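S.K.: To start, I am sharing the structure in question, which I have written as structure tokens.
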Amino acid sequence: MKQIIVLCLALATAVLARPSLQLDRERVEAGKTFGLQLVFPLQELPANRGNLAIETQNGFSLVSLDSADQVIRPSMEDMFNSFFGGGSRGGYKARIYTFKLKAPKKTGRISAGQIFMDIDGQKRAISGDIPVSIQRSYSDDALTVSLTPNKKSIYEGEQFSVTLGFHTYEHFEGGLQATDMNTGNDFIVHRSDLANLKFEPVEGNRREMQASAKFAWLSPTKSGNLQIPPFKFKYVKRGEPKIVEENKQMGGMSFHSQSIKQESIDAETQTPTINITVKPLPTEGRPADFSGMVGDYKFSADFDRTNLKVGEALTLSVDIKGDGTPGTITDPKFPDFSDFRSVPPENNISKKVVGSKVITSKSIKVFLYPKKKGEFNVPEITYSWFNPAKKRYETAKAGPWTITVEKGENAPEAIFQAPAAQGPAAVQKQEIESLGNDIRFIHAVKGNAESSHPHRSVTFWIIFLAAIPFYFIVTLAIRRHRKHSSDAALMRKGKADKMLKARFANARAALQKGDAKALYAALENGLIDYLSDKTNLEFKGMTRPQMKEELAKLGVNAETIAAIDSWLEKCAFARFAPVNPSAEEQKKMLEDVEKLCEELDI
């Protein structure tokens with residue numbers, strides 16, 4: 001029986017005695033050195049052998065090559081698996097060639113190259129491609145963030161977009177939070193809510209995750225070499241392994257043990273600074289009525305009618321849309337409408353992401369009332385912009401129009417004409433007949449009317465004197481109401497608190513549903529809209545430095561301005577960060593923004 005066991009062990013050892021490759025560590029980290037060991041049984045070494053070399057690829061580099069002879073003592077498990085068909089490496093006496101290699105910076109399963117040996121004067125491959133799993137070093141960032149513009153050279157006022165990307169590595173533990181996502185003071189910005197941001201495994205390394213989405217669309221406000229400052233984030237990662245030694249006393253005996261521990265540590269990362277070259281608009285070929293818009297635009301204008309009567313309204317509708325500065329479109333130059341009575345036009349502006357661009361649309365309605373009858377020629381209306389794709393100015397035209405105004409039935413044009421000569425008003429036949437039907441004949445009064453003197457009564461004078469201040473109070477109230485109704489800014493300010501309650505109601509509804517993105521969008525938009533209502537200024541489309549400047553002009557103290565800016569930044573971070581704050585954090589932010597608006601005094 002003993003002889004059979006010895007024979008089995010000898011056969012297993014013979015099976016194990018073949019060339020094999022192994023790494024000198026369990027974890028190979030990016031950018032660091034490691035050992036690739038070729039275990040070559042001495043009995044398998046060719047007699048007529050020459051140089052042994054490795055041809056590296058994919059960023060691997062050879063640092064050194066060493067060799068040493070060593071006795072390999074395989075474990076019982078190796079021999080058992082090998083003997084019964086499991087197959088494993090091993091040998092009795094072997095020469096170990098150690099290739100000291102430096103790993104590339106990228107991670108994943110990557111081929112390090114092939115090993116060759118000169119045998120009988122010919123170069124022969126000892127191995128095929130050698131795959132090595134490269135992992136991120138614990139000392140390196142567990143999160144990398146990128147901000148990539150679709151263009152780096154643009155014209156002043158031209159729209160471009162930036163894509164925000166995240167890449168997490170195996171030692172990333174979460175806690176992602178943005179600490180600074182400011183795009184600077186030189187751009188008008190339309191931000192995305194990052195609804196499409198979704199983390200997915202990296203191909204070839206499922207322990208790493210990546211995600212990217214359009215972050216914002218920007219338009220430079222001036223020419224020159226501009227910069228988008230770094231976006232900064234903080235997160236939690238797993239630290240480097242540390243050996244912890246412990247001495248314990250048990251039953252009068254001392255025990256020494258070692259363990260490896262890895263602690264969670266706070267870390268920070270940021271995107272690189274982005275340099276944008278902004279070219280000024282060319283002066284050659286610039287139209288006199290250039291609107292200042294840069295992009296691809298469409299323009300149309302038309303009247304709803306060209307024939308009407310005095311007293312009727314005429315509406316000029318103007319529609320403009322394009323992919324220039326997000327949220328901004330200038331008005332065209334209108335012709336002289338002195339032959340018409342006009343009221344302030346209605347303006348409606350909106351912006352929407354269509355494809356890869358933000359399209360801004362503006363509709364203008366001008367209401368005109370002809371002062372007199374006649375035929376009026378309205379000249380054409382033009383609108384010019386610079387098209388950066390074609391590198392030239394473009395102009396669209398509408399009109400001209402001929403407006404025919406007829407006399408109205410009640411001749412309201414007399415209101416706008418010079419008054420007639422003074423004299424007794426003529427009474428027409430039709431008016432006399434109407435007047436005759438309304439005559440109230442005098443009837444004799446039966447009985448004698450009692451003569452009285454009410455002015456001698458104390459009650460009369462009390463009522464008379466009380467009526468005088470009442471008259472002035474009512475008159476003042478009517479005037480104030482009319483002034484308030486005619487003042488759009490005052491009306492808007494008066495409704496600001498009511499509108500704010502409705503916006504915060506939407507925020508509370510989003511909080512109850514657990515929709516953090518909708519909550520922070522409601523808070524950010526609610527605060528901006530409330531400021532706009534209180535000041536009658538459109539803060540949407542402004543950069544935060546512009547907002548702070550406008551609030552300072554209105555006399556808002558610096559502390560309040562700083563608080564507004566801080567909360568807008570917090571809301572933006574919460575919206576755009578790819579993680580959701582806790583329910584308690586969301587509730588606390590809602591309460592704080594409500595308190596800020598209640599204490600706001602503009």
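If you're wondering about the labels, chains in the structure tokens are A, B, ... by order shown, residues count from 1 in each chain, ligands from 1 in order shown.
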Would you kindly return, as a PyMOL selection string, each protein, DNA or RNA residue with an atom no farther than 12 Å from any atom of A:Ser127, considering only C-alpha atoms and excluding same-chain residues fewer than 2 positions away?
M.R.: chain A and resi 19-21+38-40+52-55+111-117+124-125+129-131
S.K.: What lies within 9 Å of A:Leu281 using only C-alpha atoms, ignoring chain neighbours under 6 positions off, as a count of residues only?
M.R.: 6
S.K.: Might you pull out every residue within 10 Å of stretch 359-370 of chain A, with only C-alpha atoms counted and same-chain residues fewer than 5 positions away left off, and present them as a VMD selection string?
M.R.: chain A and resid 296 to 301 303 308 to 332 334 337 to 354 376 403 to 406 413 416
S.K.: If you run DSSP on this backbone, which residues of stretch 112-259 of chain A come out as strand (DSSP E or B), and could you give them as a VMD selection string?
M.R.: chain A and resid 113 to 119 122 to 125 131 to 135 143 to 149 153 to 155 160 to 168 172 to 180 187 to 191 200 to 202 205 to 220 224 to 228 232 to 238 242 to 250 253 to 259
S.K.: Save the residues we just selected, C-alpha atoms, as a short mmCIF file (atom, residue, chain, number, x, y, z; two decimals), in the first residue's frame?
M.R.:
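The new file selection_17.cif reads:
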```cif
data_model
loop_
_atom_site.label_atom_id
_atom_site.label_comp_id
_atom_site.auth_asym_id
_atom_site.auth_seq_id
_atom_site.Cartn_x
_atom_site.Cartn_y
_atom_site.Cartn_z
CA GLY A 113 2.57 40.81 -24.08
CA GLN A 114 4.34 37.50 -24.85
CA ILE A 115 7.49 35.70 -23.63
CA PHE A 116 10.02 34.44 -26.18
CA MET A 117 13.16 32.26 -25.91
CA ASP A 118 15.93 31.55 -28.42
CA ILE A 119 16.02 27.78 -28.94
CA GLN A 122 15.38 30.42 -33.45
CA LYS A 123 13.02 32.76 -31.61
CA ARG A 124 10.15 30.75 -30.19
CA ALA A 125 7.10 31.80 -28.14
CA PRO A 131 -3.75 38.88 -19.60
CA VAL A 132 -3.33 40.85 -16.39
CA SER A 133 -6.17 42.44 -14.39
CA ILE A 134 -5.13 46.00 -13.56
CA GLN A 135 -6.93 47.70 -10.70
CA LEU A 143 -13.83 58.73 -8.64
CA THR A 144 -12.81 60.66 -11.73
CA VAL A 145 -15.02 63.41 -13.14
CA SER A 146 -14.80 64.95 -16.60
CA LEU A 147 -16.42 67.99 -18.18
CA THR A 148 -16.20 67.90 -21.96
CA PRO A 149 -17.31 70.75 -24.28
CA SER A 153 -13.50 77.54 -30.40
CA ILE A 154 -16.73 79.50 -30.87
CA TYR A 155 -18.07 82.95 -31.67
CA PHE A 160 -22.20 75.19 -27.02
CA SER A 161 -22.76 72.31 -24.61
CA VAL A 162 -20.71 70.53 -21.94
CA THR A 163 -21.06 66.87 -20.96
CA LEU A 164 -20.46 65.78 -17.37
CA GLY A 165 -18.99 62.31 -16.91
CA PHE A 166 -18.37 60.12 -13.84
CA HIS A 167 -16.17 57.02 -13.52
CA THR A 168 -16.12 55.11 -10.22
CA PHE A 172 -15.52 53.97 -4.32
CA GLU A 173 -18.01 53.76 -1.43
CA GLY A 174 -20.52 56.51 -2.24
CA GLY A 175 -21.39 59.75 -0.47
CA LEU A 176 -21.05 61.71 -3.72
CA GLN A 177 -21.79 65.42 -3.24
CA ALA A 178 -21.02 68.43 -5.41
CA THR A 179 -19.24 71.28 -3.62
CA ASP A 180 -18.76 73.66 -6.56
CA PHE A 187 -21.45 82.65 -19.73
CA ILE A 188 -25.25 82.57 -19.86
CA VAL A 189 -26.19 79.03 -18.83
CA HIS A 190 -29.12 76.65 -19.24
CA ARG A 191 -28.61 73.63 -17.01
CA GLU A 200 -23.52 51.27 -15.91
CA PRO A 201 -20.64 48.76 -15.60
CA VAL A 202 -17.50 49.50 -17.59
CA ASN A 205 -14.29 45.55 -15.71
CA ARG A 206 -17.65 45.20 -14.00
CA ARG A 207 -16.26 46.48 -10.69
CA GLU A 208 -16.09 49.94 -12.25
CA MET A 209 -19.10 52.09 -13.15
CA GLN A 210 -19.49 55.05 -15.48
CA ALA A 211 -22.18 57.57 -16.44
CA SER A 212 -22.38 60.72 -18.54
CA ALA A 213 -25.03 63.22 -19.65
CA LYS A 214 -25.38 66.74 -21.01
CA PHE A 215 -24.86 69.06 -18.07
CA ALA A 216 -25.48 72.50 -19.53
CA TRP A 217 -25.67 74.69 -22.61
CA LEU A 218 -23.66 77.91 -22.44
CA SER A 219 -23.24 81.09 -24.44
CA PRO A 220 -20.24 83.42 -23.89
CA GLY A 224 -11.29 86.32 -25.70
CA ASN A 225 -9.78 83.32 -23.91
CA LEU A 226 -12.39 82.28 -21.34
CA GLN A 227 -12.33 79.51 -18.76
CA ILE A 228 -14.86 77.23 -17.13
CA LYS A 232 -15.47 70.02 -7.36
CA PHE A 233 -16.95 66.97 -5.63
CA LYS A 234 -16.44 65.08 -2.40
CA TYR A 235 -17.11 61.40 -1.71
CA VAL A 236 -16.09 58.45 0.44
CA LYS A 237 -13.57 55.80 -0.62
CA ARG A 238 -11.88 52.74 0.87
CA LYS A 242 -3.02 48.53 6.82
CA ILE A 243 -1.52 45.75 8.92
CA VAL A 244 -2.85 45.83 12.46
CA GLU A 245 -0.93 43.86 15.10
CA GLU A 246 -2.60 42.77 18.31
CA ASN A 247 -1.29 41.10 21.49
CA LYS A 248 -3.83 39.26 23.62
CA GLN A 249 -3.54 37.49 26.97
CA MET A 250 -5.61 34.35 27.41
CA MET A 253 -0.64 32.86 27.67
CA SER A 254 0.23 35.66 25.25
CA PHE A 255 -1.02 35.55 21.67
CA HIS A 256 0.17 37.73 18.82
CA SER A 257 -2.00 38.24 15.73
CA GLN A 258 -1.97 40.32 12.57
CA SER A 259 -4.92 41.50 10.51
#
```
S.K.: Atom CA of A:Lys534 to atom CA of A:Tyr520: how many Å, to one decimal?
M.R.: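 Distance between the two atoms: 21.0 Å.
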S.K.: Report, in Å with one decimal, the straight-line distance from atom CA of A:Val593 to atom CA of A:Lys493.
M.R.: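 Computed distance, atom CA of A:Val593 to atom CA of A:Lys493, equals 19.1 Å.
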S.K.: Skipping near chain neighbours, those fewer than 2 positions away, what residues fall within 12 Å of A:Cys571 using only C-alpha atoms, listed as number ranges by chain?
M.R.: A: 178-181, 193, 516-528, 564-569, 573-577, 580-581, 585-586, 589-590, 592-593
